[in-house]
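For reference, query-v2.pdb (PDB, C-alpha atoms):
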ATOM      1  CA  MET E   1       0.000   0.000   0.000
ATOM      2  CA  ARG E   2       1.315   3.433  -0.924
ATOM      3  CA  VAL E   3       0.178   6.109   1.519
ATOM      4  CA  ALA E   4       0.654   9.889   1.359
ATOM      5  CA  VAL E   5       0.270  12.161   4.360
ATOM      6  CA  LEU E   6      -0.202  15.918   4.023
ATOM      7  CA  LEU E   7       1.070  17.914   6.977
ATOM      8  CA  LYS E   8       1.351  21.557   7.914
ATOM      9  CA  GLN E   9       3.788  23.524  10.049
ATOM     10  CA  VAL E  10       1.993  26.087  12.211
ATOM     11  CA  PRO E  11       3.015  28.671  14.796
ATOM     12  CA  ALA E  12       2.825  27.409  18.352
ATOM     13  CA  ALA E  13      -0.545  28.250  19.916
ATOM     14  CA  GLU E  14       0.900  30.951  22.155
ATOM     15  CA  ALA E  15       2.602  32.615  19.161
ATOM     16  CA  LEU E  16      -0.450  33.024  16.881
ATOM     17  CA  SER E  17      -0.767  36.595  15.577
ATOM     18  CA  LEU E  18      -1.497  38.476  12.348
ATOM     19  CA  GLY E  19       0.911  40.894  10.668
ATOM     20  CA  PRO E  20      -0.066  44.251   9.088
ATOM     21  CA  ASP E  21      -0.737  42.475   5.765
ATOM     22  CA  GLY E  22      -3.338  40.248   7.400
ATOM     23  CA  ARG E  23      -1.209  37.133   7.087
ATOM     24  CA  LEU E  24      -0.168  34.906   9.935
ATOM     25  CA  VAL E  25       3.233  35.866  11.374
ATOM     26  CA  ARG E  26       5.608  32.924  10.875
ATOM     27  CA  GLN E  27       8.987  34.629  11.066
ATOM     28  CA  GLY E  28      10.656  34.851  14.450
ATOM     29  CA  VAL E  29       8.037  32.752  16.270
ATOM     30  CA  ALA E  30       8.077  29.186  17.537
ATOM     31  CA  LEU E  31       6.810  26.726  14.904
ATOM     32  CA  GLU E  32       5.576  23.153  15.267
ATOM     33  CA  VAL E  33       3.768  20.393  13.408
ATOM     34  CA  ASN E  34       0.006  20.874  13.485
ATOM     35  CA  PRO E  35      -1.334  18.560  16.244
ATOM     36  CA  PHE E  36      -3.890  16.796  14.022
ATOM     37  CA  CYS E  37      -1.186  16.291  11.383
ATOM     38  CA  ARG E  38       0.931  14.464  13.973
ATOM     39  CA  ARG E  39      -1.826  11.865  14.229
ATOM     40  CA  ALA E  40      -2.154  11.663  10.443
ATOM     41  CA  VAL E  41       1.597  10.999  10.151
ATOM     42  CA  ALA E  42       1.510   8.296  12.819
ATOM     43  CA  GLN E  43      -1.460   6.579  11.172
ATOM     44  CA  ALA E  44       0.011   6.823   7.669
ATOM     45  CA  VAL E  45       3.281   5.244   8.807
ATOM     46  CA  ALA E  46       1.408   2.488  10.667
ATOM     47  CA  LEU E  47      -0.731   1.636   7.626
ATOM     48  CA  ALA E  48       2.268   1.583   5.315
ATOM     49  CA  ARG E  49       4.229  -0.675   7.659
ATOM     50  CA  ARG E  50       1.277  -3.016   8.246
ATOM     51  CA  SER E  51       0.769  -3.497   4.510
ATOM     52  CA  GLY E  52       4.461  -3.694   3.603
ATOM     53  CA  GLY E  53       4.119  -0.452   1.645
ATOM     54  CA  THR E  54       5.583   3.035   1.776
ATOM     55  CA  CYS E  55       4.643   6.409   3.246
ATOM     56  CA  VAL E  56       5.374   9.767   1.589
ATOM     57  CA  ALA E  57       5.052  12.955   3.660
ATOM     58  CA  ILE E  58       4.208  16.167   1.777
ATOM     59  CA  SER E  59       3.967  19.746   3.024
ATOM     60  CA  LEU E  60       3.442  23.153   1.423
ATOM     61  CA  GLY E  61       5.174  26.041   3.123
ATOM     62  CA  PRO E  62       8.277  28.203   3.485
ATOM     63  CA  PRO E  63      11.751  26.639   3.827
ATOM     64  CA  SER E  64      11.254  26.408   7.595
ATOM     65  CA  ALA E  65       8.613  23.723   6.978
ATOM     66  CA  GLU E  66      11.449  21.312   6.208
ATOM     67  CA  ALA E  67      11.698  20.827   9.992
ATOM     68  CA  ALA E  68       8.156  19.416  10.055
ATOM     69  CA  LEU E  69       9.022  16.959   7.306
ATOM     70  CA  ARG E  70      12.169  15.890   9.113
ATOM     71  CA  GLU E  71       9.937  14.985  12.053
ATOM     72  CA  ALA E  72       7.794  12.869   9.734
ATOM     73  CA  LEU E  73      10.912  11.062   8.501
ATOM     74  CA  ALA E  74      12.044  10.501  12.083
ATOM     75  CA  CYS E  75       8.636   8.954  12.784
ATOM     76  CA  GLY E  76       9.051   6.459   9.954
ATOM     77  CA  ALA E  77       7.976   8.125   6.704
ATOM     78  CA  ASP E  78       9.986   6.793   3.769
ATOM     79  CA  GLU E  79      10.084  10.008   1.717
ATOM     80  CA  ALA E  80       9.453  13.693   2.357
ATOM     81  CA  VAL E  81       8.638  16.418  -0.157
ATOM     82  CA  LEU E  82       8.351  20.166   0.490
ATOM     83  CA  LEU E  83       6.423  22.394  -1.919
ATOM     84  CA  SER E  84       8.039  25.782  -1.466
ATOM     85  CA  ASP E  85       8.038  28.744  -3.835
ATOM     86  CA  PRO E  86       7.508  32.517  -3.446
ATOM     87  CA  SER E  87       4.459  32.233  -5.709
ATOM     88  CA  LEU E  88       2.811  30.002  -3.087
ATOM     89  CA  ALA E  89       3.218  32.496  -0.221
ATOM     90  CA  GLY E  90      -0.104  33.365   1.405
ATOM     91  CA  SER E  91      -1.972  30.653  -0.489
ATOM     92  CA  ASP E  92      -5.594  30.152   0.499
ATOM     93  CA  THR E  93      -7.032  26.657   0.872
ATOM     94  CA  LEU E  94      -8.133  26.486  -2.777
ATOM     95  CA  SER E  95      -4.680  27.193  -4.209
ATOM     96  CA  THR E  96      -3.041  25.055  -1.504
ATOM     97  CA  SER E  97      -5.174  22.064  -2.478
ATOM     98  CA  ALA E  98      -4.374  22.625  -6.161
ATOM     99  CA  ALA E  99      -0.624  22.561  -5.481
ATOM    100  CA  LEU E 100      -0.895  19.511  -3.235
ATOM    101  CA  VAL E 101      -2.905  17.587  -5.828
ATOM    102  CA  ALA E 102      -0.324  18.467  -8.483
ATOM    103  CA  ALA E 103       2.328  16.983  -6.191
ATOM    104  CA  LEU E 104       0.231  13.868  -5.517
ATOM    105  CA  ASP E 105      -0.227  13.367  -9.263
ATOM    106  CA  ARG E 106       3.506  13.738  -9.833
ATOM    107  CA  LEU E 107       4.611  11.516  -6.940
ATOM    108  CA  GLY E 108       1.818   8.921  -7.122
ATOM    109  CA  PRO E 109      -0.029   6.736  -7.588
ATOM    110  CA  PHE E 110      -1.302   6.461  -4.008
ATOM    111  CA  ASP E 111      -3.883   4.180  -2.414
ATOM    112  CA  LEU E 112      -4.711   6.502   0.476
ATOM    113  CA  VAL E 113      -4.059  10.128   1.444
ATOM    114  CA  LEU E 114      -4.218  11.173   5.098
ATOM    115  CA  VAL E 115      -4.602  14.720   6.404
ATOM    116  CA  GLY E 116      -5.208  16.296   9.782
ATOM    117  CA  LYS E 117      -8.830  17.119  10.596
ATOM    118  CA  SER E 118      -7.926  20.823  10.549
ATOM    119  CA  ALA E 119      -5.016  23.153  11.243
ATOM    120  CA  VAL E 120      -4.985  25.061  14.518
ATOM    121  CA  ASP E 121      -3.818  28.281  12.848
ATOM    122  CA  ALA E 122      -6.925  28.722  10.679
ATOM    123  CA  ASP E 123      -9.225  25.812  11.639
ATOM    124  CA  THR E 124     -11.025  25.739   8.281
ATOM    125  CA  GLY E 125     -10.814  21.987   7.657
ATOM    126  CA  GLN E 126     -11.087  22.738   3.925
ATOM    127  CA  VAL E 127      -7.885  21.364   2.390
ATOM    128  CA  GLY E 128      -8.722  17.682   2.925
ATOM    129  CA  PRO E 129     -12.122  17.722   1.193
ATOM    130  CA  GLN E 130     -10.798  20.016  -1.548
ATOM    131  CA  VAL E 131      -7.971  17.574  -2.269
ATOM    132  CA  ALA E 132     -10.473  14.708  -2.394
ATOM    133  CA  GLU E 133     -12.759  16.646  -4.724
ATOM    134  CA  ARG E 134      -9.910  17.493  -7.099
ATOM    135  CA  LEU E 135      -8.769  13.856  -7.135
ATOM    136  CA  GLY E 136     -12.327  12.581  -7.573
ATOM    137  CA  TRP E 137     -11.932  10.344  -4.497
ATOM    138  CA  PRO E 138     -14.253   9.833  -1.506
ATOM    139  CA  PHE E 139     -13.476  11.877   1.602
ATOM    140  CA  VAL E 140     -13.674  10.412   5.121
ATOM    141  CA  PRO E 141     -13.968  13.227   7.708
ATOM    142  CA  ALA E 142     -12.687  13.294  11.304
ATOM    143  CA  ALA E 143     -11.930   9.585  11.669
ATOM    144  CA  ARG E 144     -11.581   8.309  15.235
ATOM    145  CA  ALA E 145     -11.165   4.635  14.232
ATOM    146  CA  LEU E 146     -10.394   2.883  10.966
ATOM    147  CA  GLN E 147      -9.845  -0.554   9.543
ATOM    148  CA  LEU E 148      -8.670  -1.713   6.131
ATOM    149  CA  GLU E 149     -10.729  -4.451   4.520
ATOM    150  CA  PRO E 150      -9.074  -6.594   1.820
ATOM    151  CA  PRO E 151     -10.923  -6.937  -1.488
ATOM    152  CA  SER E 152     -13.467  -9.748  -1.511
ATOM    153  CA  GLY E 153     -13.159 -10.179  -5.251
ATOM    154  CA  PRO E 154     -11.746  -8.338  -8.245
ATOM    155  CA  GLY E 155     -12.721  -4.941  -6.811
ATOM    156  CA  PRO E 156     -10.541  -2.566  -4.765
ATOM    157  CA  ALA E 157      -9.785  -2.776  -1.068
ATOM    158  CA  ARG E 158     -12.166  -0.910   1.214
ATOM    159  CA  LEU E 159     -11.766   1.256   4.280
ATOM    160  CA  TRP E 160     -14.112   1.309   7.269
ATOM    161  CA  ALA E 161     -14.032   4.315   9.579
ATOM    162  CA  ARG E 162     -15.941   5.715  12.540
ATOM    163  CA  CYS E 163     -16.184   9.482  12.155
ATOM    164  CA  GLU E 164     -17.057  12.133  14.709
ATOM    165  CA  LEU E 165     -19.701  14.674  13.749
ATOM    166  CA  ASP E 166     -20.880  17.796  15.571
ATOM    167  CA  ASP E 167     -23.967  15.936  16.786
ATOM    168  CA  GLY E 168     -22.854  12.309  16.998
ATOM    169  CA  TRP E 169     -21.055   9.567  15.078
ATOM    170  CA  GLN E 170     -21.153   8.103  11.598
ATOM    171  CA  GLU E 171     -19.724   4.829  10.314
ATOM    172  CA  VAL E 172     -18.614   4.875   6.685
ATOM    173  CA  ARG E 173     -17.156   2.346   4.273
ATOM    174  CA  VAL E 174     -15.431   3.518   1.090
ATOM    175  CA  ALA E 175     -13.471   1.921  -1.725
ATOM    176  CA  LEU E 176      -9.845   2.959  -2.108
ATOM    177  CA  PRO E 177      -8.292   5.241  -3.186
ATOM    178  CA  ALA E 178      -9.647   7.768  -0.699
ATOM    179  CA  VAL E 179      -8.702  10.782   1.434
ATOM    180  CA  LEU E 180      -9.086  10.462   5.213
ATOM    181  CA  ALA E 181      -8.872  13.157   7.894
ATOM    182  CA  ALA E 182      -7.393  12.147  11.253
ATOM    183  CA  ALA E 183      -9.289  13.316  14.319
ATOM    184  CA  GLU E 184      -8.090  13.544  17.889
ATOM    185  CA  ARG E 185      -7.440  10.172  19.555
ATOM    186  CA  LEU E 186      -7.358   8.245  16.259
ATOM    187  CA  ILE E 187      -3.835   7.166  17.211
ATOM    188  CA  ASP E 188      -1.036   8.402  19.454
ATOM    189  CA  PRO E 189       0.559  11.437  17.755
ATOM    190  CA  CYS E 190       3.973  11.298  16.121
ATOM    191  CA  LYS E 191       6.504  13.030  18.407
ATOM    192  CA  PRO E 192      10.099  11.971  17.679
ATOM    193  CA  ASP E 193      12.796  12.567  20.266
ATOM    194  CA  ALA E 194      16.103  14.334  19.627
ATOM    195  CA  ALA E 195      17.934  11.063  18.955
ATOM    196  CA  ALA E 196      15.461  10.045  16.239
ATOM    197  CA  LEU E 197      15.667  13.486  14.615
ATOM    198  CA  ALA E 198      19.466  13.317  14.636
ATOM    199  CA  GLU E 199      19.292  10.128  12.571
ATOM    200  CA  VAL E 200      17.553  11.939   9.700
ATOM    201  CA  GLY E 201      20.472  12.667   7.414
ATOM    202  CA  PRO E 202      20.914  15.824   5.339
ATOM    203  CA  GLY E 203      19.237  15.995   1.968
ATOM    204  CA  ARG E 204      16.353  13.661   2.920
ATOM    205  CA  VAL E 205      13.707  16.329   2.190
ATOM    206  CA  ARG E 206      13.092  16.905  -1.513
ATOM    207  CA  VAL E 207      12.056  20.459  -2.444
ATOM    208  CA  LEU E 208       9.757  21.227  -5.382
ATOM    209  CA  GLY E 209       9.030  24.717  -6.695
TER     210      GLY E 209
END
Could you render the structure as structure tokens?
Amino acid sequence: MRVAVLLKQVPAAEALSLGPDGRLVRQGVALEVNPFCRRAVAQAVALARRSGGTCVAISLGPPSAEAALREALACGADEAVLLSDPSLAGSDTLSTSAALVAALDRLGPFDLVLVGKSAVDADTGQVGPQVAERLGWPFVPAARALQLEPPSGPGPARLWARCELDDGWQEVRVALPAVLAAAERLIDPCKPDAAALAEVGPGRVRVLG
């Protein structure tokens, strides 16, 4: 199984502020991997390992976002790709999803794409469903539990998930490929220690303009 995980580097919660141009201040503040993305990374790595496949971590952001991808590699991702270009600065969710889908098309094919439920800096939750819509794949929102089901015949494998909604729960079953958003408590988040980060050699993160 080939799994992609889309992750975002965000300012630490206590450092969130807007600059005079209305954009989030990212320079000179503490940055970290979005908490929901940590769970998406952990789940993507687990699924790839369980199936004997591979996991590719992808992020769109400034050069500093390479640190987030190094964390993904330290947690077990096989490859890491950073989309970084001045033309992408200040991208909204629509242009972000377009760039990410272009990367997925170039780096694929993939059986499953995981994202965080939302990013704590904007909390829109829009990139995941936009990516799914552009790919023409089903979208599984806010998954708290999941299970892969092998194909029963010539058709594709299927994914079962239990998703949290504002007013309850929903169980869904979709055929792969699909996009799935990781909710809180889906899995323990990916948090590598200093020793694991030190083992990520230079040049492991590929940068695309």
| request: Run the PyMOL selection byres ((chain E and resi 163-166) around 7) against the file shown and list the residues it catches, as number ranges by chain. | output: E: 141-144, 161-162, 167-171
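Close contacts of Val56 of chain E, defined as residues with an atom at most 7 Å away when counting only C-alpha atoms, with chain neighbours fewer than 3 positions off set aside, comprise Val3, Ala4, Val5, Ala77, Asp78, Glu79 and Ala80 of chain E.
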| If we count all atoms listed in the file, what is near Asp193 of chain E at a cut-off of 10 Å, once residues fewer than 4 positions away on the same chain are taken out, given as a ChimeraX atom specification? | /E:71,74-75,197-198
Can you pull out every residue within 10 Å of Thr54 of chain E, counting all atoms listed in the file, but drop anything in the same chain fewer than 3 positions away, and send it as a compact mmCIF listing (two decimals) with C-alpha atoms, in the coordinates of the input?
# COMPACT_ATOMS: atom_id res chain seq x y z
CA MET E 1 0.00 0.00 0.00
CA ARG E 2 1.32 3.43 -0.92
CA VAL E 3 0.18 6.11 1.52
CA ALA E 4 0.65 9.89 1.36
CA ALA E 44 0.01 6.82 7.67
CA VAL E 45 3.28 5.24 8.81
CA ALA E 46 1.41 2.49 10.67
CA LEU E 47 -0.73 1.64 7.63
CA ALA E 48 2.27 1.58 5.32
CA ARG E 49 4.23 -0.68 7.66
CA ARG E 50 1.28 -3.02 8.25
CA SER E 51 0.77 -3.50 4.51
CA GLY E 76 9.05 6.46 9.95
CA ALA E 77 7.98 8.12 6.70
CA ASP E 78 9.99 6.79 3.77
CA GLU E 79 10.08 10.01 1.72
CA PHE E 110 -1.30 6.46 -4.01
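Rounded to one decimal, atom CA of Glu32 of chain E and atom CA of Lys8 of chain E lie 8.6 Å from each other.
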| Using the chain letters and numbers from the file, which residues does the PyMOL selection byres ((chain E and resi 91-97) around 12) grab, as a PyMOL selection string? | chain E and resi 6-8+23-24+58-62+83-90+98-104+115+118-119+122-135
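Environment of (17.4, 15.4, 2.5): residues at most 12 Å away, judged by only C-alpha atoms, are Glu66, Ala67, Leu69, Arg70, Leu73, Asp78, Glu79, Ala80, Val81, Leu82, Glu199, Val200, Gly201, Pro202, Gly203, Arg204, Val205, Arg206 and Val207 of chain E.
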Just segment 82-93 of chain E from the block, N, CA, C and O atoms, as a PDB file, in the first residue's frame, could you?
ATOM      1  N   LEU E  82       8.793  18.823   0.122  1.00  0.00           N
ATOM      2  CA  LEU E  82       8.351  20.166   0.490  1.00  0.00           C
ATOM      3  C   LEU E  82       8.033  20.962  -0.765  1.00  0.00           C
ATOM      4  O   LEU E  82       8.876  21.101  -1.655  1.00  0.00           O
ATOM      5  N   LEU E  83       6.805  21.480  -0.845  1.00  0.00           N
ATOM      6  CA  LEU E  83       6.423  22.394  -1.919  1.00  0.00           C
ATOM      7  C   LEU E  83       6.673  23.805  -1.413  1.00  0.00           C
ATOM      8  O   LEU E  83       5.990  24.271  -0.505  1.00  0.00           O
ATOM      9  N   SER E  84       7.660  24.468  -1.983  1.00  0.00           N
ATOM     10  CA  SER E  84       8.039  25.782  -1.466  1.00  0.00           C
ATOM     11  C   SER E  84       8.449  26.684  -2.616  1.00  0.00           C
ATOM     12  O   SER E  84       9.354  26.349  -3.389  1.00  0.00           O
ATOM     13  N   ASP E  85       7.764  27.814  -2.747  1.00  0.00           N
ATOM     14  CA  ASP E  85       8.038  28.744  -3.835  1.00  0.00           C
ATOM     15  C   ASP E  85       7.431  30.095  -3.455  1.00  0.00           C
ATOM     16  O   ASP E  85       6.358  30.132  -2.846  1.00  0.00           O
ATOM     17  N   PRO E  86       8.090  31.209  -3.776  1.00  0.00           N
ATOM     18  CA  PRO E  86       7.508  32.517  -3.446  1.00  0.00           C
ATOM     19  C   PRO E  86       6.092  32.702  -3.985  1.00  0.00           C
ATOM     20  O   PRO E  86       5.273  33.395  -3.366  1.00  0.00           O
ATOM     21  N   SER E  87       5.793  32.071  -5.128  1.00  0.00           N
ATOM     22  CA  SER E  87       4.459  32.233  -5.709  1.00  0.00           C
ATOM     23  C   SER E  87       3.379  31.568  -4.856  1.00  0.00           C
ATOM     24  O   SER E  87       2.191  31.852  -5.023  1.00  0.00           O
ATOM     25  N   LEU E  88       3.777  30.686  -3.937  1.00  0.00           N
ATOM     26  CA  LEU E  88       2.811  30.002  -3.087  1.00  0.00           C
ATOM     27  C   LEU E  88       2.587  30.724  -1.758  1.00  0.00           C
ATOM     28  O   LEU E  88       1.740  30.308  -0.968  1.00  0.00           O
ATOM     29  N   ALA E  89       3.334  31.783  -1.499  1.00  0.00           N
ATOM     30  CA  ALA E  89       3.218  32.496  -0.221  1.00  0.00           C
ATOM     31  C   ALA E  89       1.809  33.052  -0.047  1.00  0.00           C
ATOM     32  O   ALA E  89       1.230  33.641  -0.964  1.00  0.00           O
ATOM     33  N   GLY E  90       1.235  32.849   1.124  1.00  0.00           N
ATOM     34  CA  GLY E  90      -0.104  33.365   1.405  1.00  0.00           C
ATOM     35  C   GLY E  90      -1.214  32.626   0.701  1.00  0.00           C
ATOM     36  O   GLY E  90      -2.330  33.155   0.587  1.00  0.00           O
ATOM     37  N   SER E  91      -0.948  31.410   0.237  1.00  0.00           N
ATOM     38  CA  SER E  91      -1.972  30.653  -0.489  1.00  0.00           C
ATOM     39  C   SER E  91      -3.196  30.407   0.383  1.00  0.00           C
ATOM     40  O   SER E  91      -3.073  30.076   1.565  1.00  0.00           O
ATOM     41  N   ASP E  92      -4.389  30.542  -0.215  1.00  0.00           N
ATOM     42  CA  ASP E  92      -5.594  30.152   0.499  1.00  0.00           C
ATOM     43  C   ASP E  92      -5.788  28.645   0.333  1.00  0.00           C
ATOM     44  O   ASP E  92      -4.982  27.962  -0.293  1.00  0.00           O
ATOM     45  N   THR E  93      -6.862  28.104   0.902  1.00  0.00           N
ATOM     46  CA  THR E  93      -7.032  26.657   0.872  1.00  0.00           C
ATOM     47  C   THR E  93      -7.238  26.139  -0.551  1.00  0.00           C
ATOM     48  O   THR E  93      -6.826  25.022  -0.873  1.00  0.00           O
TER      49      THR E  93
END
